[in-house]
>>> print(open('model.cif').read())   # mmCIF, C-alpha atoms
data_run
#
loop_
_atom_site.label_atom_id
_atom_site.label_comp_id
_atom_site.auth_asym_id
_atom_site.auth_seq_id
_atom_site.Cartn_x
_atom_site.Cartn_y
_atom_site.Cartn_z
CA MET A 1 128.67 100.81 62.06
CA ALA A 2 128.45 103.76 64.42
CA SER A 3 130.46 104.02 67.64
CA LYS A 4 128.92 105.12 70.94
CA VAL A 5 130.32 108.64 70.67
CA GLU A 6 129.21 109.00 67.04
CA SER A 7 125.73 107.73 67.92
CA VAL A 8 125.27 110.18 70.78
CA VAL A 9 126.60 113.15 68.76
CA LEU A 10 124.40 112.31 65.78
CA LEU A 11 121.25 111.90 67.89
CA VAL A 12 121.88 115.11 69.83
CA PHE A 13 122.38 116.98 66.54
CA ILE A 14 119.22 115.50 65.00
CA LEU A 15 117.03 116.21 68.02
CA GLY A 16 118.50 119.70 68.36
CA MET A 17 117.80 120.47 64.72
CA ILE A 18 114.25 119.13 64.88
CA GLY A 19 113.62 121.07 68.09
CA TYR A 20 114.96 124.30 66.55
CA PHE A 21 112.67 124.01 63.53
CA ILE A 22 109.54 123.01 65.46
CA ILE A 23 109.92 125.09 68.61
CA GLY A 24 112.11 127.95 67.40
CA LEU A 25 110.76 128.46 63.87
CA LYS A 26 107.24 127.11 64.57
CA ALA A 27 107.65 124.98 61.43
CA PRO A 28 105.68 121.83 60.62
CA PRO A 29 107.75 118.73 61.48
CA HIS A 30 107.94 117.33 57.95
CA ILE A 31 110.91 119.33 56.71
CA PRO A 32 113.11 118.97 59.83
CA ILE A 33 112.40 115.22 59.81
CA LEU A 34 113.36 115.17 56.12
CA PHE A 35 116.58 117.05 56.92
CA ALA A 36 117.30 114.60 59.76
CA PHE A 37 116.66 111.75 57.33
CA MET A 38 119.20 113.26 54.90
CA VAL A 39 121.78 113.74 57.68
CA THR A 40 121.38 110.11 58.76
CA LEU A 41 121.76 108.91 55.18
CA GLY A 42 124.87 111.06 54.82
CA PHE A 43 126.31 109.54 57.98
CA GLY A 44 125.67 106.07 56.55
CA PHE A 45 127.51 106.92 53.34
CA VAL A 46 130.45 108.39 55.32
CA LYS A 47 130.64 105.11 57.28
CA ARG A 48 130.59 103.29 53.92
CA VAL A 49 127.39 101.41 54.64
CA SER A 50 125.97 99.98 51.42
CA TRP A 51 122.76 101.40 50.00
CA SER A 52 121.12 97.96 50.15
CA VAL A 53 121.63 97.87 53.93
CA MET A 54 120.22 101.37 54.43
CA ASP A 55 117.36 100.64 52.04
CA LYS A 56 116.53 97.54 54.10
CA GLY A 57 116.46 99.63 57.30
CA MET A 58 114.11 102.21 55.77
CA ARG A 59 111.79 99.53 54.43
CA GLU A 60 111.63 97.72 57.77
CA GLY A 61 111.03 100.98 59.61
CA ILE A 62 108.17 101.97 57.34
CA SER A 63 106.68 98.46 57.37
CA SER A 64 106.06 98.77 61.13
CA GLY A 65 103.72 101.68 60.41
CA ILE A 66 101.63 100.12 57.63
CA VAL A 67 98.82 98.98 59.93
CA PRO A 68 98.64 102.29 61.88
CA ILE A 69 98.61 104.21 58.57
CA PHE A 70 95.73 102.08 57.28
CA ILE A 71 93.89 102.69 60.56
CA PHE A 72 94.46 106.45 60.17
CA ILE A 73 92.90 106.34 56.71
CA LEU A 74 89.88 104.41 57.99
CA ILE A 75 89.42 106.82 60.90
CA GLY A 76 89.49 109.73 58.42
CA VAL A 77 86.65 108.06 56.50
CA LEU A 78 84.84 107.21 59.75
CA ILE A 79 84.89 110.83 60.93
CA GLY A 80 83.55 112.12 57.61
CA VAL A 81 80.78 109.53 57.51
CA TRP A 82 79.85 110.05 61.17
CA VAL A 83 79.59 113.81 60.70
CA ALA A 84 77.42 113.36 57.61
CA SER A 85 75.23 110.70 59.25
CA GLY A 86 74.66 112.83 62.38
CA THR A 87 76.57 110.64 64.84
CA ILE A 88 79.05 113.30 65.99
CA PRO A 89 76.52 116.21 65.93
CA THR A 90 74.14 114.07 68.04
CA MET A 91 76.89 113.34 70.57
CA ILE A 92 77.55 117.09 70.87
CA VAL A 93 73.91 118.15 71.20
CA TYR A 94 73.18 115.46 73.80
CA GLY A 95 76.44 116.25 75.55
CA PHE A 96 75.40 119.87 76.18
CA GLU A 97 72.41 118.56 78.14
CA PHE A 98 74.60 116.63 80.61
CA VAL A 99 77.84 118.61 80.88
CA SER A 100 78.26 121.56 83.23
CA ARG A 101 80.44 124.44 82.03
CA ASP A 102 82.12 124.73 85.45
CA PHE A 103 83.07 121.04 85.52
CA PHE A 104 83.65 120.66 81.80
CA LEU A 105 87.35 119.76 81.87
CA VAL A 106 87.09 117.13 84.61
CA THR A 107 84.07 115.67 82.82
CA VAL A 108 86.05 115.43 79.58
CA PHE A 109 88.94 113.77 81.40
CA VAL A 110 86.80 111.21 83.24
CA VAL A 111 84.52 110.36 80.30
CA CYS A 112 87.48 109.85 77.95
CA ALA A 113 89.15 107.68 80.61
CA ILE A 114 86.02 105.52 80.88
CA VAL A 115 85.57 105.24 77.10
CA GLY A 116 89.28 104.58 76.57
CA THR A 117 89.30 101.82 79.18
CA SER A 118 86.13 100.31 77.70
CA ILE A 119 87.40 100.07 74.13
CA GLY A 120 91.16 100.00 74.74
CA SER A 121 92.00 102.55 72.04
CA ALA A 122 93.12 106.14 72.58
CA PHE A 123 92.81 106.79 68.84
CA THR A 124 89.18 105.71 68.64
CA THR A 125 88.36 107.61 71.84
CA ALA A 126 89.86 110.82 70.46
CA ALA A 127 88.23 110.36 67.05
CA THR A 128 84.73 109.90 68.50
CA VAL A 129 83.92 111.47 71.88
CA GLY A 130 87.12 113.53 71.60
CA ILE A 131 85.88 115.39 68.54
CA ALA A 132 82.52 115.94 70.25
CA PHE A 133 84.25 117.46 73.28
CA ILE A 134 86.38 119.69 71.05
CA GLY A 135 83.18 121.03 69.51
CA MET A 136 81.59 121.59 72.90
CA GLY A 137 84.74 123.18 74.31
CA GLY A 138 84.93 125.61 71.39
CA ALA A 139 81.28 126.59 71.84
CA LEU A 140 81.84 127.12 75.58
CA GLY A 141 84.85 129.34 74.87
CA TYR A 142 87.56 127.08 76.33
CA ASP A 143 91.10 127.12 75.00
CA LEU A 144 91.10 124.05 72.75
CA ALA A 145 94.66 123.18 73.82
CA ILE A 146 93.39 122.62 77.37
CA VAL A 147 90.40 120.61 76.15
CA ALA A 148 92.70 118.49 73.97
CA GLY A 149 94.97 117.93 76.99
CA ALA A 150 91.99 116.58 78.97
CA ILE A 151 90.88 114.36 76.07
CA ILE A 152 94.37 112.92 75.56
CA SER A 153 94.97 112.43 79.29
CA GLY A 154 91.74 110.46 79.65
CA ALA A 155 92.16 108.54 76.40
CA PHE A 156 95.67 107.39 77.27
CA PHE A 157 94.66 106.46 80.81
CA GLY A 158 92.26 104.05 79.12
CA ASP A 159 94.80 102.90 76.55
CA LYS A 160 97.24 102.20 79.39
CA MET A 161 94.87 100.37 81.74
CA SER A 162 92.51 98.49 79.44
CA PRO A 163 93.07 94.74 78.92
CA LEU A 164 91.82 95.38 75.37
CA SER A 165 94.70 97.74 74.55
CA ASP A 166 97.57 96.67 72.29
CA THR A 167 100.22 98.26 74.52
CA THR A 168 98.72 96.77 77.68
CA ASN A 169 99.20 93.34 76.12
CA LEU A 170 102.53 94.13 74.48
CA SER A 171 104.38 95.48 77.55
CA PRO A 172 103.97 92.42 79.82
CA ALA A 173 104.61 90.13 76.84
CA VAL A 174 107.98 91.82 76.21
CA ALA A 175 108.87 91.90 79.92
CA GLY A 176 107.69 88.34 80.65
CA ALA A 177 104.88 89.26 83.07
CA ASP A 178 101.22 88.29 83.36
CA MET A 179 98.92 90.90 81.79
CA PHE A 180 96.43 91.17 84.66
CA GLU A 181 99.24 91.25 87.20
CA HIS A 182 100.75 94.00 85.07
CA ILE A 183 97.50 96.04 85.13
CA LYS A 184 97.20 95.65 88.89
CA ASN A 185 100.82 96.71 89.38
CA MET A 186 100.33 99.80 87.19
CA MET A 187 97.89 101.18 89.76
CA TRP A 188 100.88 102.26 91.87
CA THR A 189 101.65 104.93 89.32
CA THR A 190 98.40 105.30 87.39
CA ILE A 191 96.07 106.08 90.31
CA PRO A 192 98.25 108.92 91.70
CA ALA A 193 98.65 110.31 88.16
CA PHE A 194 94.88 110.13 87.62
CA VAL A 195 94.04 111.82 90.94
CA ILE A 196 96.59 114.61 90.46
CA SER A 197 95.39 115.15 86.87
CA PHE A 198 91.78 115.30 88.07
CA ILE A 199 92.70 117.96 90.63
CA LEU A 200 94.68 119.96 88.07
CA PHE A 201 91.85 119.90 85.53
CA PHE A 202 89.43 120.94 88.27
CA ILE A 203 91.66 123.88 89.26
CA VAL A 204 92.28 124.91 85.64
CA GLY A 205 88.57 124.64 84.88
CA MET A 206 87.73 126.89 87.82
CA ASN A 207 90.31 129.51 86.87
CA VAL A 208 90.02 129.60 83.09
CA SER A 209 87.59 132.22 81.91
CA SER A 210 85.45 130.69 79.20
CA GLU A 211 83.91 133.38 77.05
CA THR A 212 81.30 131.79 74.87
CA THR A 213 82.23 132.29 71.24
CA VAL A 214 78.72 131.70 69.98
CA GLU A 215 75.37 131.57 71.72
CA LEU A 216 74.85 127.98 72.81
CA THR A 217 71.23 128.11 71.73
CA LEU A 218 72.29 129.23 68.25
CA PHE A 219 75.01 126.57 68.18
CA GLN A 220 72.61 123.77 69.10
CA ASP A 221 69.82 125.08 66.87
CA THR A 222 72.21 125.22 63.93
CA LEU A 223 73.31 121.64 64.55
CA ARG A 224 69.69 120.53 64.75
CA GLU A 225 68.81 122.37 61.55
CA TYR A 226 71.73 121.24 59.40
CA SER A 227 72.51 117.82 60.90
CA ILE A 228 70.65 114.65 61.76
CA ILE A 229 70.07 114.57 65.52
CA SER A 230 68.67 111.24 66.65
CA PRO A 231 69.57 108.53 69.17
CA ILE A 232 69.55 106.10 66.24
CA THR A 233 72.75 107.72 64.94
CA LEU A 234 74.55 106.44 68.06
CA ILE A 235 74.40 102.90 66.71
CA GLY A 236 77.92 103.32 65.30
CA PRO A 237 79.62 104.10 68.63
CA LEU A 238 77.60 101.31 70.27
CA LEU A 239 78.89 98.84 67.68
CA LEU A 240 82.46 99.98 68.35
CA PHE A 241 82.00 99.24 72.06
CA VAL A 242 80.56 95.80 71.35
CA PHE A 243 83.29 94.88 68.89
CA ALA A 244 86.00 96.13 71.25
CA TRP A 245 84.64 94.04 74.13
CA ARG A 246 84.59 91.01 71.85
CA LYS A 247 88.27 91.73 71.07
CA ILE A 248 87.66 92.10 67.34
CA PRO A 249 90.69 93.79 65.69
CA ALA A 250 90.68 97.52 64.96
CA ILE A 251 90.42 97.39 61.17
CA PRO A 252 87.23 95.27 60.88
CA THR A 253 85.75 97.24 63.80
CA LEU A 254 86.34 100.55 62.01
CA LEU A 255 84.96 99.13 58.75
CA VAL A 256 81.74 98.19 60.56
CA GLY A 257 81.60 101.71 62.04
CA ILE A 258 81.98 103.20 58.56
CA LEU A 259 79.33 100.88 57.12
CA SER A 260 76.85 101.81 59.87
CA GLY A 261 77.40 105.49 59.09
CA VAL A 262 76.91 104.96 55.35
CA ILE A 263 73.64 103.10 55.98
CA LEU A 264 72.40 105.91 58.25
CA ILE A 265 73.21 108.52 55.60
CA PHE A 266 70.98 106.75 53.08
CA VAL A 267 68.27 106.10 55.69
CA PHE A 268 68.01 109.73 56.81
CA GLN A 269 69.07 111.36 53.53
CA PRO A 270 67.87 109.04 50.75
CA GLU A 271 68.51 111.80 48.20
CA THR A 272 72.27 111.41 48.76
CA THR A 273 73.99 110.36 45.54
CA MET A 274 76.85 107.93 45.28
CA GLN A 275 79.02 110.78 44.03
CA GLN A 276 78.29 112.77 47.21
CA LEU A 277 79.05 109.75 49.38
CA VAL A 278 82.38 109.21 47.61
CA SER A 279 83.20 112.90 48.13
CA ILE A 280 82.46 112.64 51.86
CA MET A 281 84.66 109.57 52.24
CA GLN A 282 87.51 111.03 50.17
CA ASP A 283 87.47 114.75 51.11
CA GLY A 284 85.28 114.86 54.22
CA VAL A 285 82.31 117.08 54.99
CA LYS A 286 82.35 120.73 53.86
CA SER A 287 79.89 122.48 56.18
CA GLN A 288 78.19 125.68 55.00
CA THR A 289 75.73 126.59 57.76
CA GLY A 290 76.84 130.22 57.93
CA VAL A 291 77.77 129.91 61.62
CA ALA A 292 81.57 129.94 61.73
CA ASP A 293 81.99 127.81 64.87
CA VAL A 294 79.62 125.13 63.61
CA ASP A 295 81.25 125.08 60.18
CA ALA A 296 84.70 124.75 61.79
CA LEU A 297 83.43 121.78 63.79
CA LEU A 298 81.64 119.97 60.99
CA THR A 299 84.17 120.55 58.20
CA ARG A 300 86.35 117.55 58.80
CA GLY A 301 87.04 113.92 57.96
CA GLY A 302 87.85 112.07 54.76
CA ILE A 303 90.93 110.21 53.55
CA GLN A 304 92.66 113.43 52.51
CA SER A 305 92.46 114.82 56.05
CA MET A 306 94.91 112.09 57.09
CA MET A 307 97.49 112.56 54.33
CA TRP A 308 99.41 115.18 56.36
CA SER A 309 99.75 112.58 59.09
CA VAL A 310 100.59 109.71 56.73
CA SER A 311 103.39 111.64 55.01
CA LEU A 312 104.97 112.61 58.33
CA ILE A 313 104.77 109.06 59.68
CA LEU A 314 106.42 107.65 56.55
CA LEU A 315 109.30 110.11 56.93
CA SER A 316 109.80 109.54 60.66
CA LEU A 317 109.52 105.75 60.52
CA GLY A 318 111.86 105.60 57.54
CA MET A 319 114.43 107.61 59.47
CA GLY A 320 113.87 105.47 62.56
CA GLY A 321 114.45 102.26 60.62
CA LEU A 322 117.66 103.74 59.27
CA LEU A 323 118.88 104.63 62.77
CA ILE A 324 118.22 101.08 63.91
CA GLU A 325 119.94 99.49 60.91
CA LEU A 326 123.04 101.66 61.39
CA GLY A 327 123.27 100.44 64.99
CA ILE A 328 122.85 103.92 66.42
CA ILE A 329 119.91 103.04 68.69
CA ALA A 330 121.62 99.89 69.97
CA GLN A 331 124.77 101.86 70.85
CA LEU A 332 122.75 104.48 72.73
CA VAL A 333 120.79 101.90 74.73
CA HIS A 334 123.96 99.95 75.55
CA ALA A 335 125.74 103.10 76.70
CA ILE A 336 122.91 103.99 79.07
CA SER A 337 122.27 100.48 80.42
CA SER A 338 125.96 99.96 81.22
CA LEU A 339 125.78 102.70 83.88
CA VAL A 340 123.00 101.01 85.86
CA ASN A 341 123.71 99.37 89.25
CA THR A 342 120.76 100.26 91.54
CA THR A 343 116.97 99.94 91.29
CA GLY A 344 116.47 103.69 91.13
CA LYS A 345 119.05 104.15 88.38
CA LEU A 346 117.62 101.16 86.49
CA VAL A 347 114.07 102.55 86.52
CA LEU A 348 115.34 106.01 85.56
CA SER A 349 117.47 104.61 82.72
CA THR A 350 114.62 102.43 81.44
CA ALA A 351 112.20 105.36 81.51
CA CYS A 352 114.67 107.69 79.78
CA THR A 353 115.40 105.09 77.11
CA ALA A 354 111.70 104.51 76.39
CA MET A 355 111.08 108.27 76.18
CA GLY A 356 114.21 108.77 74.09
CA ILE A 357 113.19 106.12 71.57
CA ASN A 358 109.76 107.74 71.37
CA PHE A 359 111.38 111.05 70.46
CA ILE A 360 113.99 109.56 68.13
CA LEU A 361 111.82 107.02 66.31
CA GLY A 362 108.34 108.43 66.94
CA GLU A 363 106.90 104.95 67.53
CA GLN A 364 105.48 103.74 70.85
CA TYR A 365 105.60 100.02 70.00
CA LEU A 366 109.31 100.21 69.25
CA SER A 367 109.89 102.19 72.45
CA ILE A 368 108.34 99.30 74.38
CA ILE A 369 109.95 96.44 72.44
CA LEU A 370 113.49 97.82 72.14
CA THR A 371 113.60 99.11 75.71
CA GLY A 372 112.09 95.93 77.14
CA LYS A 373 114.59 93.70 75.38
CA ALA A 374 117.50 95.95 76.36
CA TYR A 375 116.74 96.01 80.10
CA ALA A 376 115.12 92.61 80.81
CA GLU A 377 118.43 91.09 81.95
CA LYS A 378 119.25 94.07 84.19
CA PHE A 379 115.92 93.66 86.01
CA GLN A 380 116.72 89.97 86.52
CA GLU A 381 120.22 90.75 87.82
CA LEU A 382 118.74 93.07 90.49
CA ASP A 383 116.08 90.46 91.45
CA LEU A 384 113.25 92.67 90.24
CA HIS A 385 109.96 91.11 89.12
CA PRO A 386 109.26 91.47 85.38
CA LYS A 387 106.06 93.40 86.15
CA ASN A 388 108.26 96.28 87.34
CA LEU A 389 109.75 96.48 83.85
CA SER A 390 106.40 96.24 82.09
CA ARG A 391 105.04 99.07 84.27
CA VAL A 392 107.93 101.37 83.39
CA LEU A 393 107.48 100.54 79.69
CA GLU A 394 103.88 101.76 79.86
CA ASP A 395 104.61 104.76 82.10
CA ALA A 396 107.39 106.08 79.86
CA GLY A 397 106.56 104.44 76.53
CA THR A 398 102.82 104.30 75.89
CA VAL A 399 101.84 107.71 77.30
CA ILE A 400 104.80 109.69 75.93
CA ASN A 401 104.14 109.09 72.23
CA PRO A 402 101.24 111.62 72.06
CA LEU A 403 103.67 114.30 73.29
CA VAL A 404 106.02 113.83 70.31
CA PRO A 405 105.06 116.13 67.38
CA TRP A 406 106.36 113.61 64.82
CA GLY A 407 105.28 110.53 66.80
CA VAL A 408 102.52 108.31 65.44
CA SER A 409 100.12 109.30 68.24
CA GLY A 410 101.08 112.98 68.25
CA VAL A 411 100.59 113.24 64.50
CA PHE A 412 97.23 111.48 64.63
CA LEU A 413 95.89 113.55 67.53
CA THR A 414 96.94 116.83 65.93
CA ALA A 415 95.19 115.88 62.69
CA THR A 416 92.07 114.59 64.45
CA LEU A 417 91.57 117.23 67.15
CA GLY A 418 92.97 120.15 65.17
CA VAL A 419 95.33 121.22 67.98
CA PRO A 420 99.14 121.23 67.46
CA THR A 421 101.08 118.85 69.70
CA MET A 422 103.20 121.60 71.26
CA GLU A 423 100.05 123.49 72.26
CA TYR A 424 98.28 120.65 74.07
CA LEU A 425 101.48 119.16 75.53
CA PRO A 426 101.54 121.33 78.74
CA PHE A 427 97.96 120.28 79.51
CA ALA A 428 98.32 116.53 78.94
CA PHE A 429 98.82 116.22 82.70
CA PHE A 430 98.36 112.45 82.95
CA CYS A 431 100.95 111.75 80.24
CA LEU A 432 103.45 114.12 81.87
CA LEU A 433 102.96 112.72 85.38
CA CYS A 434 103.29 108.98 84.71
CA PRO A 435 107.04 108.90 83.95
CA VAL A 436 107.78 111.25 86.85
CA ILE A 437 105.89 109.09 89.33
CA THR A 438 107.42 105.84 88.06
CA VAL A 439 110.94 107.27 88.55
CA ILE A 440 110.07 108.49 92.08
CA LEU A 441 108.80 105.02 93.00
CA GLY A 442 111.98 103.51 91.55
CA PHE A 443 114.19 105.52 93.89
CA THR A 444 111.93 105.19 96.96
CA GLY A 445 111.22 101.48 96.45
CA ILE A 446 107.47 102.00 96.87
CA GLY A 447 105.50 99.55 94.76
CA ILE A 448 108.68 97.75 93.62
CA THR A 449 108.34 93.94 93.74
CA LYS A 450 111.39 91.75 94.28
CA THR A 451 111.65 88.14 93.15
CA ARG A 452 113.39 87.18 96.38
#
>>> encode(input="model.cif", output="structure tokens")
Amino acid sequence: MASKVESVVLLVFILGMIGYFIIGLKAPPHIPILFAFMVTLGFGFVKRVSWSVMDKGMREGISSGIVPIFIFILIGVLIGVWVASGTIPTMIVYGFEFVSRDFFLVTVFVVCAIVGTSIGSAFTTAATVGIAFIGMGGALGYDLAIVAGAIISGAFFGDKMSPLSDTTNLSPAVAGADMFEHIKNMMWTTIPAFVISFILFFIVGMNVSSETTVELTLFQDTLREYSIISPITLIGPLLLFVFAWRKIPAIPTLLVGILSGVILIFVFQPETTMQQLVSIMQDGVKSQTGVADVDALLTRGGIQSMMWSVSLILLSLGMGGLLIELGIIAQLVHAISSLVNTTGKLVLSTACTAMGINFILGEQYLSIILTGKAYAEKFQELDLHPKNLSRVLEDAGTVINPLVPWGVSGVFLTATLGVPTMEYLPFAFFCLLCPVITVILGFTGIGITKTR
């Protein structure tokens, strides 16, 4: 297996190569991830690791992404069906009546935070109200990267703080803390991050000139003419809220959302054929209103819209599983944790490890699980309450994944919102602030709970 030096050199080379392709060459992440995959395989062969062992690592890595991939596919279908049934157009038209252009960004941030907290899913938030806000932002002339940053900041605030969220349950479970104690303890970092993000979005919103790309009246009239606009179409989102509150798993919840959209299509457009419905679910909606901005908004959804994301996730998770099986991740974590001897250094090391695993493996669950297991003993040795560990796992694990171009969240959000990860990254203020604040608190001792 790999030594510490070999592990560090290999990871630095891989990340450097991926960064060069994505940032320097502006290339899609698939090919650099494939090259990194090939380099890792080559390293395994040089170390004389058997193919069966490496094959096992790849399979286990990919298996961790099967459920998220299935959810991606369902969300692709959901978006197509909700566009065709009028759910998303209705949300946009009604949204224009309540949202002020001057306070648009802060409204997006706060609403997505509320929705995210209510349903406990950043993905569902982005795929529903997020798409509506992207449409509104485009019509108002805002840079969509800034709008996406506000959507993602709000959505991941909710994903981080909701008791319905997977990561909010996973982090305290790994650290050995009570979930509600964990949520309360996260306020030390989450509230400052929320307030600062709110102020930044307010300032940006006041200083960004929004030149309307299409007359709002024309935009709304076109939506009303070519889409179904009715409060009845909001049944789908309402069902999602109800199912989320009843803690029904994501897959059956999404299936119910899709079914509600299909029923509404046949209720409002009884002339729809089964062939047309199948086309919507497979390839999404192909809008032809003649108004470019409306067509860009409504042409989306379908299973095929998620295949770019699925292929990238398979590549990155396969490579990640290989890195774990070769012992490279374990060596890196051990090398970092061995240098820790104070609370500040421990929090910094834990945060860096969680962020590093996000960038290396592209998977937020693994960043929480692997980091939590690696540092649990260190927190005990320094008499630190487990809720300190669970907070750091969320601050540097959960909210960092959407900032990784090949990460599960980053891939999904790029496909859903239509904005590349590297473009919205500078404006995802909440996600950028959380790890910074958690490290500051680690060194100052503010909000750090001791066991004795």
>>> closest_residue(input="model.cif", among="A:Ile328, A:Val340, A:Val49, A:Met186", to="Ala396 in chain A", atoms="only C-alpha atoms")
A:Met186
>>> closest_residue(input="model.cif", among="A:Met206, A:Ala415, A:Ile73, A:Ile23", to="Leu255 in chain A", atoms="only C-alpha atoms")
A:Ile73
>>> residues_around(input="model.cif", residues="Ala177 in chain A", least_positions_apart="4", cutoff="8 Å", atoms="all atoms listed in the file", output="list in words")
Pro172, Ala173, Glu181, His182, Pro386, Lys387 and Ser390 of chain A
>>> write_last_selection(input="model.cif", atoms="C-alpha atoms", output="PDB file, keeping the file's coordinate frame")
ATOM      1  CA  PRO A 172     103.970  92.420  79.820  1.00  0.00           C
ATOM      2  CA  ALA A 173     104.610  90.130  76.840  1.00  0.00           C
ATOM      3  CA  GLU A 181      99.240  91.250  87.200  1.00  0.00           C
ATOM      4  CA  HIS A 182     100.750  94.000  85.070  1.00  0.00           C
ATOM      5  CA  PRO A 386     109.260  91.470  85.380  1.00  0.00           C
ATOM      6  CA  LYS A 387     106.060  93.400  86.150  1.00  0.00           C
ATOM      7  CA  SER A 390     106.400  96.240  82.090  1.00  0.00           C
TER       8      SER A 390
END
>>> closest_residue(input="model.cif", among="A:Phe202, A:Tyr142, A:Phe443, A:Phe123", to="Gly158 in chain A", atoms="only C-alpha atoms")
A:Phe123
>>> residues_around(input="model.cif", residues="Gly135 in chain A", least_positions_apart="6", cutoff="9 Å", atoms="all atoms listed in the file", output="list in words")
Pro89, Ile92, Asp293, Val294, Ala296, Leu297 and Leu298 of chain A
>>> closest_residue(input="model.cif", among="A:Leu393, A:Leu323, A:Val204, A:Leu140", to="Thr353 in chain A", atoms="all atoms listed in the file")
A:Leu393
>>> residues_around(input="model.cif", residues="range 13-15 of chain A", least_positions_apart="3", cutoff="8 Å", atoms="only C-alpha atoms", output="PDB file with C-alpha atoms, keeping the file's coordinate frame")
ATOM      1  CA  VAL A   9     126.600 113.150  68.760  1.00  0.00           C
ATOM      2  CA  LEU A  10     124.400 112.310  65.780  1.00  0.00           C
ATOM      3  CA  ILE A  18     114.250 119.130  64.880  1.00  0.00           C
ATOM      4  CA  GLY A  19     113.620 121.070  68.090  1.00  0.00           C
ATOM      5  CA  ALA A  36     117.300 114.600  59.760  1.00  0.00           C
ATOM      6  CA  VAL A  39     121.780 113.740  57.680  1.00  0.00           C
ATOM      7  CA  ILE A 360     113.990 109.560  68.130  1.00  0.00           C
TER       8      ILE A 360
END
>>> resolve_selection(input="model.cif", expression="the PyMOL selection byres ((chain A and resi 262) around 10)", output="number ranges by chain")
A: 78, 81-82, 84-85, 256-261, 263-267, 277, 281
>>> residues_around(input="model.cif", residues="Met91 in chain A", least_positions_apart="6", cutoff="12 Å", atoms="only C-alpha atoms", output="list in words")
Trp82, Val83, Ser85, Glu97, Phe98, Val99, Thr128, Val129, Gly130, Ile131, Ala132, Phe133, Ile134, Gly135, Met136, Gln220, Leu223, Arg224, Ser227, Ile228, Ile229, Ser230, Pro231, Ile232, Thr233, Leu234, Ile235, Gly236 and Pro237 of chain A
>>> closest_residue(input="model.cif", among="A:Cys112, A:Val174, A:Leu254, A:Leu317", to="Ile369 in chain A", atoms="all atoms listed in the file")
A:Val174
